[in-house]
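Asks: So I've got this file, upload.tsv, and it contains TSV, C-alpha atoms and all ligand atoms:
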chain	number	residue	atom	x	y	z
M	1	MET	CA	-17.38	-33.64	-26.89
M	2	LYS	CA	-20.62	-35.37	-27.92
M	3	ASP	CA	-21.17	-37.59	-24.91
M	4	PRO	CA	-23.33	-35.48	-22.54
M	5	LEU	CA	-21.92	-37.22	-19.46
M	6	LEU	CA	-18.34	-36.52	-20.51
M	7	ARG	CA	-19.28	-32.93	-21.31
M	8	ARG	CA	-20.83	-32.51	-17.89
M	9	ALA	CA	-17.73	-33.98	-16.24
M	10	ALA	CA	-15.49	-31.59	-18.20
M	11	CYS	CA	-17.69	-28.68	-17.16
M	12	ALA	CA	-17.48	-29.70	-13.52
M	13	VAL	CA	-13.68	-29.84	-13.72
M	14	PHE	CA	-13.61	-26.43	-15.40
M	15	LEU	CA	-15.93	-24.96	-12.78
M	16	SER	CA	-14.02	-26.36	-9.86
M	17	LEU	CA	-10.75	-25.05	-11.32
M	18	GLY	CA	-12.38	-21.68	-11.82
M	19	LEU	CA	-13.61	-21.56	-8.25
M	20	ALA	CA	-10.29	-22.73	-6.87
M	21	THR	CA	-8.28	-20.02	-8.64
M	22	GLY	CA	-10.83	-17.25	-8.56
M	23	ALA	CA	-10.33	-16.95	-12.34
M	24	GLY	CA	-13.03	-17.21	-14.93
M	25	ALA	CA	-15.49	-15.10	-12.92
M	26	ALA	CA	-16.91	-12.61	-15.39
M	27	THR	CA	-17.17	-8.90	-14.69
M	28	VAL	CA	-20.56	-8.25	-13.10
M	29	TYR	CA	-22.32	-4.98	-14.03
M	30	THR	CA	-24.98	-3.97	-11.52
M	31	GLY	CA	-26.79	-1.85	-14.12
M	32	ASP	CA	-26.15	1.34	-12.15
M	33	VAL	CA	-24.25	4.26	-13.63
M	34	ILE	CA	-22.79	6.90	-11.28
M	35	GLN	CA	-21.47	10.17	-12.70
M	36	GLY	CA	-21.02	8.48	-16.06
M	37	LYS	CA	-19.13	5.45	-14.68
M	38	ARG	CA	-20.62	1.98	-14.85
M	39	VAL	CA	-20.88	0.20	-11.52
M	40	ILE	CA	-19.43	-3.31	-11.14
M	41	SER	CA	-19.67	-5.71	-8.21
M	42	GLN	CA	-16.97	-8.01	-9.61
M	43	LEU	CA	-14.07	-7.44	-12.00
M	44	ASP	CA	-12.49	-9.87	-14.43
M	45	VAL	CA	-10.07	-7.96	-16.65
M	46	ALA	CA	-10.06	-10.93	-19.06
M	47	ASP	CA	-13.45	-9.99	-20.48
M	48	LEU	CA	-12.71	-6.26	-21.02
M	49	GLU	CA	-11.99	-5.00	-24.54
M	50	PRO	CA	-8.23	-5.00	-25.21
M	51	GLY	CA	-6.24	-1.90	-26.18
M	52	LYS	CA	-8.44	0.43	-24.12
M	53	VAL	CA	-8.79	2.19	-20.77
M	54	HIS	CA	-11.88	1.24	-18.75
M	55	ARG	CA	-13.29	3.21	-15.82
M	56	PHE	CA	-15.68	1.83	-13.21
M	57	TYR	CA	-17.05	2.28	-9.73
M	58	PHE	CA	-16.63	-0.94	-7.75
M	59	GLN	CA	-19.57	-1.52	-5.40
M	60	GLY	CA	-18.24	-1.93	-1.87
M	61	VAL	CA	-20.04	-2.53	1.39
M	62	GLN	CA	-23.27	-0.72	2.26
M	63	MET	CA	-23.41	2.22	4.64
M	64	ALA	CA	-25.86	2.20	7.56
M	65	THR	CA	-28.42	3.99	5.40
M	66	GLY	CA	-28.27	1.33	2.70
M	67	GLN	CA	-26.29	3.10	0.00
M	68	HIS	CA	-22.92	1.61	-0.98
M	69	TRP	CA	-19.39	2.89	-0.76
M	70	TYR	CA	-18.17	3.00	-4.38
M	71	VAL	CA	-14.48	2.62	-5.19
M	72	PRO	CA	-13.00	4.20	-8.37
M	73	VAL	CA	-11.23	1.63	-10.59
M	74	VAL	CA	-9.30	2.28	-13.81
M	75	VAL	CA	-8.12	-0.61	-16.00
M	76	ALA	CA	-5.56	-0.14	-18.79
M	77	LYS	CA	-6.11	-3.33	-20.76
M	78	GLY	CA	-3.24	-3.98	-23.16
M	79	ALA	CA	-3.77	-4.93	-26.78
M	80	LYS	CA	-1.80	-8.13	-26.13
M	81	PRO	CA	-2.03	-10.53	-23.18
M	82	GLY	CA	0.58	-10.41	-20.43
M	83	LYS	CA	1.11	-9.87	-16.71
M	84	ARG	CA	-1.67	-8.26	-14.66
M	85	VAL	CA	-0.41	-5.55	-12.33
M	86	LEU	CA	-2.47	-4.04	-9.51
M	87	LEU	CA	-1.84	-0.54	-8.10
M	88	VAL	CA	-3.71	0.33	-4.89
M	89	SER	CA	-3.98	3.72	-3.18
M	90	GLY	CA	-6.12	5.01	-0.36
M	91	VAL	CA	-6.10	2.11	2.09
M	92	HIS	CA	-5.53	5.00	4.53
M	93	GLY	CA	-7.56	8.16	3.90
M	94	ASP	CA	-4.97	10.77	4.86
M	95	GLU	CA	-2.36	9.47	2.40
M	96	ILE	CA	-2.60	11.63	-0.70
M	97	SER	CA	0.66	11.32	-2.68
M	98	PRO	CA	-0.21	7.70	-3.57
M	99	VAL	CA	-3.23	8.88	-5.56
M	100	ASP	CA	-1.11	11.25	-7.64
M	101	ALA	CA	1.66	8.65	-8.13
M	102	VAL	CA	-0.85	6.06	-9.40
M	103	GLN	CA	-2.69	8.59	-11.59
M	104	ARG	CA	0.58	9.69	-13.19
M	105	THR	CA	1.64	6.09	-13.78
M	106	MET	CA	-1.70	5.33	-15.47
M	107	ALA	CA	-1.39	8.50	-17.59
M	108	ALA	CA	1.98	7.26	-18.88
M	109	LEU	CA	0.43	4.07	-20.29
M	110	ASP	CA	-0.86	3.49	-23.83
M	111	PRO	CA	-2.96	0.31	-23.76
M	112	ALA	CA	-2.71	-0.03	-27.55
M	113	LYS	CA	1.03	-0.70	-27.06
M	114	MET	CA	0.81	-2.77	-23.86
M	115	ALA	CA	1.06	-6.52	-23.29
M	116	GLY	CA	-0.82	-7.13	-20.07
M	117	THR	CA	-3.14	-5.17	-17.83
M	118	VAL	CA	-2.66	-2.49	-15.19
M	119	THR	CA	-5.52	-1.99	-12.75
M	120	ALA	CA	-5.57	1.10	-10.52
M	121	VAL	CA	-7.75	1.14	-7.40
M	122	TYR	CA	-8.24	4.57	-5.80
M	123	ASP	CA	-9.67	5.61	-2.44
M	124	ILE	CA	-10.44	2.04	-1.38
M	125	SER	CA	-11.13	3.16	2.22
M	126	ARG	CA	-13.84	5.57	1.04
M	127	PRO	CA	-15.16	6.88	4.41
M	128	ALA	CA	-11.60	7.43	5.65
M	129	LYS	CA	-10.92	9.31	2.42
M	130	GLU	CA	-13.96	11.54	2.90
M	131	ALA	CA	-12.72	12.48	6.38
M	132	VAL	CA	-9.05	12.67	5.25
M	133	THR	CA	-8.16	10.42	8.13
M	134	ARG	CA	-6.18	7.21	8.53
M	135	MET	CA	-8.97	5.12	10.02
M	136	TRP	CA	-12.35	3.97	8.67
M	137	PRO	CA	-15.07	5.54	10.88
M	138	MET	CA	-17.92	3.05	11.25
M	139	SER	CA	-21.28	3.60	12.91
M	140	GLN	CA	-21.30	0.29	14.81
M	141	TRP	CA	-20.85	0.53	18.62
M	142	GLY	CA	-21.49	4.27	18.64
M	143	SER	CA	-18.75	5.05	16.13
M	144	GLN	CA	-15.46	3.17	16.10
M	145	LEU	CA	-12.31	3.71	14.06
M	146	ILE	CA	-10.92	0.75	12.11
M	147	ASP	CA	-7.52	0.57	10.41
M	148	LEU	CA	-8.34	-1.03	7.04
M	149	ASN	CA	-4.71	-2.12	6.70
M	150	ARG	CA	-5.11	-4.49	9.64
M	151	VAL	CA	-8.17	-6.41	8.39
M	152	TRP	CA	-7.01	-7.78	5.01
M	153	PRO	CA	-7.89	-10.10	3.33
M	154	GLY	CA	-11.20	-9.17	4.94
M	155	LYS	CA	-14.27	-11.34	5.23
M	156	GLU	CA	-17.43	-10.91	3.17
M	157	ASP	CA	-19.55	-12.13	6.11
M	158	GLY	CA	-17.34	-10.44	8.72
M	159	ALA	CA	-18.46	-8.82	11.99
M	160	ASN	CA	-18.22	-5.21	10.81
M	161	ALA	CA	-18.59	-3.18	7.63
M	162	PRO	CA	-14.90	-2.39	6.90
M	163	THR	CA	-13.97	-6.08	7.24
M	164	ARG	CA	-16.75	-6.94	4.79
M	165	HIS	CA	-15.65	-4.15	2.45
M	166	ALA	CA	-12.09	-5.51	2.51
M	167	GLY	CA	-13.43	-9.00	1.76
M	168	LEU	CA	-15.41	-7.75	-1.25
M	169	GLY	CA	-12.45	-5.77	-2.55
M	170	PHE	CA	-9.97	-8.59	-2.03
M	171	ASN	CA	-12.10	-11.42	-3.48
M	172	ARG	CA	-13.95	-9.66	-6.29
M	173	LEU	CA	-11.66	-6.85	-7.39
M	174	MET	CA	-8.00	-7.29	-6.50
M	175	LYS	CA	-6.88	-10.91	-6.03
M	176	PRO	CA	-8.51	-12.34	-9.19
M	177	ASN	CA	-6.88	-9.64	-11.36
M	178	ALA	CA	-3.32	-9.46	-10.03
M	179	ASP	CA	-0.11	-11.33	-10.82
M	180	ILE	CA	1.84	-8.53	-9.09
M	181	ALA	CA	0.64	-5.81	-6.70
M	182	LEU	CA	1.88	-2.50	-5.33
M	183	ASP	CA	0.18	-0.91	-2.32
M	184	TYR	CA	0.94	2.81	-1.95
M	185	HIS	CA	1.06	4.62	1.41
M	186	THR	CA	2.64	7.55	3.28
M	187	ALA	CA	3.32	8.28	6.95
M	188	ALA	CA	0.20	8.83	9.06
M	189	THR	CA	-0.94	12.34	10.02
M	190	SER	CA	1.57	13.93	12.46
M	191	GLY	CA	4.41	11.78	11.09
M	192	ASP	CA	6.81	11.84	8.15
M	193	PHE	CA	8.59	9.21	6.08
M	194	THR	CA	11.42	9.01	3.56
M	195	ALA	CA	10.86	7.70	0.01
M	196	PHE	CA	10.69	4.14	1.26
M	197	ILE	CA	9.65	0.54	0.49
M	198	PHE	CA	8.80	-2.37	2.79
M	199	ALA	CA	9.67	-5.58	0.91
M	200	LYS	CA	10.04	-9.25	1.70
M	201	MET	CA	13.57	-9.10	0.26
M	202	GLY	CA	14.20	-12.81	0.85
M	203	LYS	CA	11.76	-13.56	-1.98
M	204	PRO	CA	13.54	-13.12	-5.35
M	205	GLN	CA	10.49	-11.88	-7.33
M	206	ILE	CA	9.80	-9.23	-4.68
M	207	ARG	CA	13.42	-8.22	-4.27
M	208	GLU	CA	13.78	-7.81	-8.04
M	209	MET	CA	10.88	-5.32	-8.10
M	210	ALA	CA	11.95	-3.34	-5.03
M	211	LEU	CA	15.46	-2.81	-6.44
M	212	LEU	CA	13.96	-1.10	-9.52
M	213	TYR	CA	12.86	1.97	-7.50
M	214	PRO	CA	15.23	4.99	-7.44
M	215	ILE	CA	14.27	5.83	-3.87
M	216	GLU	CA	15.90	6.67	-0.54
M	217	GLN	CA	15.46	3.58	1.66
M	218	ILE	CA	14.35	-0.07	1.43
M	219	LYS	CA	13.63	-2.23	4.46
M	220	SER	CA	13.67	-6.03	4.31
M	221	ASP	CA	10.46	-6.67	6.13
M	222	PRO	CA	8.54	-9.85	6.91
M	223	GLY	CA	5.24	-7.96	6.73
M	224	PHE	CA	2.54	-7.42	9.27
M	225	PRO	CA	-0.64	-9.53	9.60
M	226	GLY	CA	-3.74	-7.87	8.17
M	227	THR	CA	-1.88	-5.63	5.73
M	228	LEU	CA	-2.84	-5.77	2.08
M	229	GLU	CA	0.76	-6.53	1.10
M	230	THR	CA	1.00	-9.54	3.43
M	231	SER	CA	-2.43	-10.86	2.41
M	232	LEU	CA	-1.53	-10.62	-1.27
M	233	VAL	CA	1.81	-12.35	-0.75
M	234	GLU	CA	0.07	-15.10	1.23
M	235	ALA	CA	-2.30	-15.48	-1.76
M	236	GLY	CA	0.76	-16.05	-3.98
M	237	ILE	CA	0.90	-12.52	-5.44
M	238	PRO	CA	4.29	-10.75	-5.09
M	239	ALA	CA	3.63	-7.33	-3.53
M	240	LEU	CA	5.37	-4.28	-2.05
M	241	THR	CA	4.27	-1.64	0.47
M	242	ILE	CA	5.38	1.73	-0.88
M	243	GLU	CA	5.74	4.84	1.35
M	244	ILE	CA	5.81	8.26	-0.34
M	245	GLY	CA	6.85	10.66	2.41
M	246	GLY	CA	4.35	12.52	4.55
M	247	PRO	CA	0.53	12.60	4.63
M	248	ARG	CA	-2.13	15.05	3.41
M	249	SER	CA	-0.37	16.67	0.44
M	250	PHE	CA	1.45	15.83	-2.78
M	251	ASP	CA	5.19	15.33	-2.38
M	252	ARG	CA	6.38	16.71	-5.71
M	253	ARG	CA	9.98	15.58	-5.11
M	254	MET	CA	9.19	11.97	-4.25
M	255	ILE	CA	6.24	11.13	-6.52
M	256	PRO	CA	8.38	11.02	-9.72
M	257	MET	CA	10.73	8.48	-8.06
M	258	PHE	CA	7.82	6.09	-7.57
M	259	VAL	CA	6.33	6.68	-11.04
M	260	GLU	CA	9.75	5.87	-12.53
M	261	GLY	CA	10.11	2.78	-10.32
M	262	THR	CA	6.65	1.42	-11.18
M	263	LEU	CA	7.27	1.98	-14.92
M	264	ASN	CA	10.53	0.01	-14.42
M	265	VAL	CA	8.50	-2.82	-12.83
M	266	LEU	CA	6.14	-2.79	-15.83
M	267	LYS	CA	9.19	-2.97	-18.15
M	268	LEU	CA	10.65	-5.84	-16.12
M	269	HIS	CA	7.43	-7.78	-16.68
M	270	GLN	CA	7.25	-6.70	-20.35
M	271	VAL	CA	3.90	-4.98	-19.90
M	272	ILE	CA	5.45	-1.91	-21.54
M	273	GLU	CA	8.60	-1.49	-23.63
M	274	GLY	CA	11.47	0.92	-23.33
M	275	PRO	CA	14.79	1.38	-21.56
M	276	MET	CA	14.87	1.04	-17.76
M	277	GLY	CA	14.85	4.31	-15.86
M	278	ARG	CA	16.94	4.99	-12.78
M	279	THR	CA	16.91	2.30	-10.11
M	280	SER	CA	18.04	1.89	-6.48
M	281	LYS	CA	21.58	1.53	-7.81
M	282	GLU	CA	21.71	5.01	-9.35
M	283	ALA	CA	19.79	6.49	-6.41
M	284	GLY	CA	22.22	5.13	-3.80
M	285	THR	CA	19.34	3.62	-1.82
M	286	PHE	CA	20.09	2.82	1.85
M	287	PHE	CA	19.13	-0.73	2.86
M	288	GLY	CA	18.30	-2.09	6.29
M	289	ASP	CA	16.61	-5.13	7.80
M	290	ALA	CA	15.43	-3.72	11.14
M	291	PHE	CA	13.90	-0.63	12.73
M	292	HIS	CA	15.04	0.85	16.02
M	293	THR	CA	12.12	2.84	17.41
M	294	VAL	CA	12.69	5.67	19.89
M	295	ARG	CA	9.47	6.32	21.83
M	296	ALA	CA	8.58	9.23	24.06
M	297	THR	CA	8.69	8.44	27.78
M	298	HIS	CA	7.20	11.81	28.78
M	299	GLY	CA	4.64	14.30	27.55
M	300	GLY	CA	5.96	17.62	26.32
M	301	TYR	CA	7.30	19.69	23.46
M	302	LEU	CA	9.67	17.96	21.09
M	303	GLU	CA	12.65	19.57	19.41
M	304	LEU	CA	14.10	17.26	16.78
M	305	LYS	CA	17.88	17.21	16.42
M	306	VAL	CA	17.81	15.11	13.24
M	307	ASP	CA	15.80	15.00	10.00
M	308	LEU	CA	14.71	12.30	7.56
M	309	ARG	CA	17.74	10.44	6.13
M	310	SER	CA	20.10	11.83	8.80
M	311	LYS	CA	22.89	9.35	9.40
M	312	VAL	CA	23.10	8.68	13.13
M	313	VAL	CA	25.53	6.85	15.42
M	314	ALA	CA	24.70	4.83	18.53
M	315	GLY	CA	24.16	7.14	21.52
M	316	GLN	CA	23.42	10.23	19.42
M	317	VAL	CA	20.74	12.61	20.70
M	318	VAL	CA	17.85	12.65	18.20
M	319	ALA	CA	15.44	14.92	20.09
M	320	VAL	CA	15.06	17.03	23.21
M	321	GLN	CA	11.74	17.38	25.05
M	322	ARG	CA	10.70	20.28	27.28
M	323	ASN	CA	7.76	20.89	29.56
M	324	SER	CA	5.61	24.02	29.60
M	325	PHE	CA	8.20	25.78	31.82
M	326	GLY	CA	10.86	25.24	29.14
M	327	GLU	CA	12.73	22.78	31.35
M	328	VAL	CA	14.29	19.79	29.58
M	329	VAL	CA	12.40	16.67	30.69
M	330	ARG	CA	14.16	14.21	28.44
M	331	GLU	CA	16.89	13.74	25.84
M	332	TYR	CA	16.14	10.97	23.38
M	333	ARG	CA	19.03	8.94	21.96
M	334	THR	CA	19.28	6.24	19.34
M	335	GLU	CA	20.80	2.95	20.50
M	336	VAL	CA	21.89	1.98	16.99
M	337	ALA	CA	23.72	3.50	14.02
M	338	GLY	CA	21.72	3.89	10.80
M	339	GLU	CA	19.52	6.33	8.90
M	340	ILE	CA	16.40	8.12	10.13
M	341	SER	CA	13.36	6.70	8.27
M	342	THR	CA	10.38	8.17	10.10
M	343	LEU	CA	9.88	10.98	12.57
M	344	GLN	CA	7.24	12.85	14.46
M	345	ARG	CA	6.29	16.25	12.97
M	346	ASP	CA	3.84	17.19	15.73
M	347	ALA	CA	5.81	19.10	18.34
M	348	LEU	CA	3.52	18.35	21.29
M	349	ILE	CA	3.41	14.63	22.03
M	350	GLU	CA	2.25	12.12	24.61
M	351	PRO	CA	4.28	9.34	26.22
M	352	GLY	CA	4.47	6.31	23.94
M	353	THR	CA	4.58	8.34	20.73
M	354	ARG	CA	7.23	7.32	18.21
M	355	VAL	CA	9.85	10.06	18.13
M	356	VAL	CA	11.98	8.60	15.33
M	357	GLN	CA	12.63	5.25	13.68
M	358	VAL	CA	16.16	4.36	12.63
M	359	LEU	CA	16.64	1.94	9.72
M	360	TYR	CA	19.72	-0.21	10.26
M	361	ASP	CA	21.34	-3.50	9.38
M	362	SER	CA	20.88	-5.76	12.39
M	363	PRO	CA	23.68	-8.13	13.37
M	364	ASP	CA	21.01	-10.66	14.41
M	365	PRO	CA	20.99	-13.43	11.75
M	366	LYS	CA	17.22	-13.82	12.13
M	367	CYS	CA	16.92	-10.43	10.42
M	368	ASP	CA	18.60	-11.71	7.23
M	369	GLY	CA	16.38	-12.52	4.26
M	370	ASP	CA	12.94	-11.07	4.91
M	371	GLY	CA	14.11	-8.83	7.75
M	372	CYS	CA	13.13	-8.68	11.40
M	373	ASP	CA	9.59	-8.83	12.68
M	374	SER	CA	8.54	-5.23	12.99
M	375	SER	CA	5.17	-5.89	14.64
M	376	ALA	CA	5.44	-3.33	17.45
M	377	ASP	CA	7.20	-0.82	15.21
M	378	TYR	CA	5.30	-1.26	11.96
M	379	GLN	CA	3.83	1.91	10.57
M	380	ASP	CA	2.38	2.21	7.13
C	1	ZN	ZN	-0.87	3.88	5.00
Translate this file's structure into structure tokens.
Ligand SMILES: [Zn+2]
Replies:
Amino acid sequence: MKDPLLRRAACAVFLSLGLATGAGAATVYTGDVIQGKRVISQLDVADLEPGKVHRFYFQGVQMATGQHWYVPVVVAKGAKPGKRVLLVSGVHGDEISPVDAVQRTMAALDPAKMAGTVTAVYDISRPAKEAVTRMWPMSQWGSQLIDLNRVWPGKEDGANAPTRHAGLGFNRLMKPNADIALDYHTAATSGDFTAFIFAKMGKPQIREMALLYPIEQIKSDPGFPGTLETSLVEAGIPALTIEIGGPRSFDRRMIPMFVEGTLNVLKLHQVIEGPMGRTSKEAGTFFGDAFHTVRATHGGYLELKVDLRSKVVAGQVVAVQRNSFGEVVREYRTEVAGEISTLQRDALIEPGTRVVQVLYDSPDPKCDGDGCDSSADYQD
């Protein structure tokens, strides 16, 4: 292109396309090195050397004292081009099995034999991770707790630090490097969960991925505003919210189910080769499109009469609550038949606490496809 005007016009088109898609932004190295890892403020997996594993700290938002929160990132860049898959753990700081599940998945990859890229993001909610707590503790307003999974896709010029951190992570790390994304969670502290996936099952690309997991339960779920999964899907990136049991420790029984499922997803998208492992079909996964939540109406001590995966019928007692005198203050019953998905492990609870959640197939046609709105009952 010899004509300088034409060349400039072509450049402008290229630039505007690049800006519109978020692609073409090179990886930005800040020049800092922390504990042997190079620090980046922007990732573009396209410019990393193929056939290798790359490890970085992504520079997140600043703390009040001016240092940054740094997020560990590992990229397995395949020798050949292909789909870009994003694995995220640590949106909540008390959810530990996700870290192990993602680490084990990454350890199973050989980039020299891969076609495509797998990017693992660990401990994204760094201050929550340091405190092993669900919420991000910020110093603004005399210390407030923010749920990072309610502020996605964030805002780089937002009104508080976690919202800005989410904006940086979404715009400069995750969205530009993902064709598919998996966000790993567990129940929050005091609760427990089955081996479970929230998926917008009405969307074929998402459904196809969810069905590849040999797990216990899958809920058709329309998603909740502010979650990473919903923000990614709204940005055109098929995504799942994965739940690996309870918080604070490694669930050695469940983690392999999710490693196997994610490797199946990578095989589906031809990032890696090999025969499919077990899927939802072999695992006899229970499907539902709605949650029935039983909440405590009283304070007191809770004795559960069911466990995770218990099959329940409408009217069945799921828990009995007693006061300090040992008198029964309440019997809690499920109004629907289904399977127990989540329950309260703390025995002493306040009114309003979720006692159990029952996954079931709702007769309401509005629950078909992507499932019923779970806004009041959503827990991730
Ligand atoms: Zn979570």
Asks: Which residue out of M:Val28, M:Ala187, M:Ala166, M:Leu43 has the minimum interatomic distance to ligand ZN 1 (chain C) when all atoms listed in the file are used?
Replies: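 Nearest to ligand ZN 1 (chain C): M:Ala187.
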Asks: Can you tell me how far CA of Ser97 in chain M sits from CA of Phe198 in chain M, in Å to one decimal?
Replies: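 According to the coordinates, CA of Ser97 in chain M and CA of Phe198 in chain M are separated by 16.8 Å.
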Asks: Residues within 9 Å of range 102-107 of chain M, please, as a PyMOL selection string. Count only C-alpha atoms; anything in the same chain fewer than 2 positions from it doesn't count.
Replies: chain M and resi 74-76+87-89+97-100+109-110+118-122+184+255-256+258-260+262-263
Asks: Would you mind telling me which residue in M:Thr189, M:Thr293, M:Thr30, M:Asn177 lies nearest to Tyr378 in chain M when using only C-alpha atoms?
Replies: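 Closest to Tyr378 in chain M, using only C-alpha atoms: M:Thr293.
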Asks: Would you list the contacts of Gln205 in chain M as a ChimeraX atom specification, taking every protein, DNA or RNA residue within 12 Å and counting all atoms listed in the file, but skipping same-chain residues closer than 5 positions in sequence?
Replies: /M:179-181,199-200,210-212,233,236-240,265,268-269
Asks: Do you know which residues are at most 12 Å from Lys366 in chain M counting only C-alpha atoms, after dropping those on the same chain fewer than 2 positions away, and could you put them as a short mmCIF file (atom, residue, chain, number, x, y, z; two decimals) with C-alpha atoms, in the coordinates of the input?
Replies:
data_model
loop_
_atom_site.label_atom_id
_atom_site.label_comp_id
_atom_site.auth_asym_id
_atom_site.auth_seq_id
_atom_site.Cartn_x
_atom_site.Cartn_y
_atom_site.Cartn_z
CA GLY M 202 14.20 -12.81 0.85
CA SER M 220 13.67 -6.03 4.31
CA ASP M 221 10.46 -6.67 6.13
CA PRO M 222 8.54 -9.85 6.91
CA ASP M 289 16.61 -5.13 7.80
CA ALA M 290 15.43 -3.72 11.14
CA ASP M 361 21.34 -3.50 9.38
CA SER M 362 20.88 -5.76 12.39
CA PRO M 363 23.68 -8.13 13.37
CA ASP M 364 21.01 -10.66 14.41
CA ASP M 368 18.60 -11.71 7.23
CA GLY M 369 16.38 -12.52 4.26
CA ASP M 370 12.94 -11.07 4.91
CA GLY M 371 14.11 -8.83 7.75
CA CYS M 372 13.13 -8.68 11.40
CA ASP M 373 9.59 -8.83 12.68
#
Asks: Show me, as a PyMOL selection string, the residues that have an atom within 9 Å of Phe193 in chain M when counting all atoms listed in the file, minus same-chain residues fewer than 2 positions from it.
Replies: chain M and resi 186-188+191+195-196+243-247+308+340-343
Asks: Fewer than 6 positions away in the same chain doesn't count, so skip those; otherwise give me all residues within 7 Å of Ile349 in chain M, counting only C-alpha atoms, as a PyMOL selection string.
Replies: chain M and resi 299-301
Asks: So the first atom is CA of Leu168 in chain M and the second is CA of Gly226 in chain M; what is the distance between them in Å, to one decimal place?
Replies: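 Between CA of Leu168 in chain M and CA of Gly226 in chain M the gap works out to 15.0 Å.
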Asks: Distance CA of Ala108 in chain M-CA of Arg309 in chain M, one decimal place?
Replies: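 Those two atoms sit 29.7 Å apart.
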Asks: At a cut-off of 6 Å around ligand ZN 1 (chain C), and using all atoms listed in the file, what residues come up? Please write them as a list in words.
Replies: His92, His185, Thr186 and Asp380 of chain M
Asks: Would you mind telling me which residue in M:Lys305, M:Asp192, M:Met209, M:Val45 lies nearest to Leu266 in chain M when using all atoms listed in the file?
Replies: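 Using all atoms listed in the file, the shortest distance to Leu266 in chain M belongs to M:Met209.
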Asks: Given the choices M:Gly116, M:Gly352, M:Gly274, M:Pro153, which gets closest to Gly169 in chain M if the distance is worked out from only C-alpha atoms?
Replies: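 So, comparing all the options, the nearest one is M:Pro153.
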Asks: For Gly93 in chain M, which residue out of M:Arg55, M:Lys113, M:Lys203, M:Arg248 is the nearest one, using all atoms listed in the file?
Replies: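 That would be M:Arg248, the residue with the smallest distance to Gly93 in chain M.
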Asks: Please list, as an MDAnalysis selection string, the residues that have an atom at most 8 Å away from (-5.8, 6.0, 12.4) in the coordinates of this file, counting only C-alpha atoms.
Replies: chainID M and resid 92 133:136 145:147 188
Asks: Those residues you just picked out, can you put them in a file as a compact mmCIF listing (two decimals), in the frame of the given file with C-alpha atoms?
Replies:
# COMPACT_ATOMS: atom_id res chain seq x y z
CA HIS M 92 -5.53 5.00 4.53
CA THR M 133 -8.16 10.42 8.13
CA ARG M 134 -6.18 7.21 8.53
CA MET M 135 -8.97 5.12 10.02
CA TRP M 136 -12.35 3.97 8.67
CA LEU M 145 -12.31 3.71 14.06
CA ILE M 146 -10.92 0.75 12.11
CA ASP M 147 -7.52 0.57 10.41
CA ALA M 188 0.20 8.83 9.06
Asks: With distances taken over all atoms listed in the file, which residue among M:Ser249, M:Gln144, M:Thr285, M:Asn323 lies nearest Lys219 in chain M?
Replies: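 Looking only at the distances to Lys219 in chain M, the closest residue turns out to be M:Thr285.
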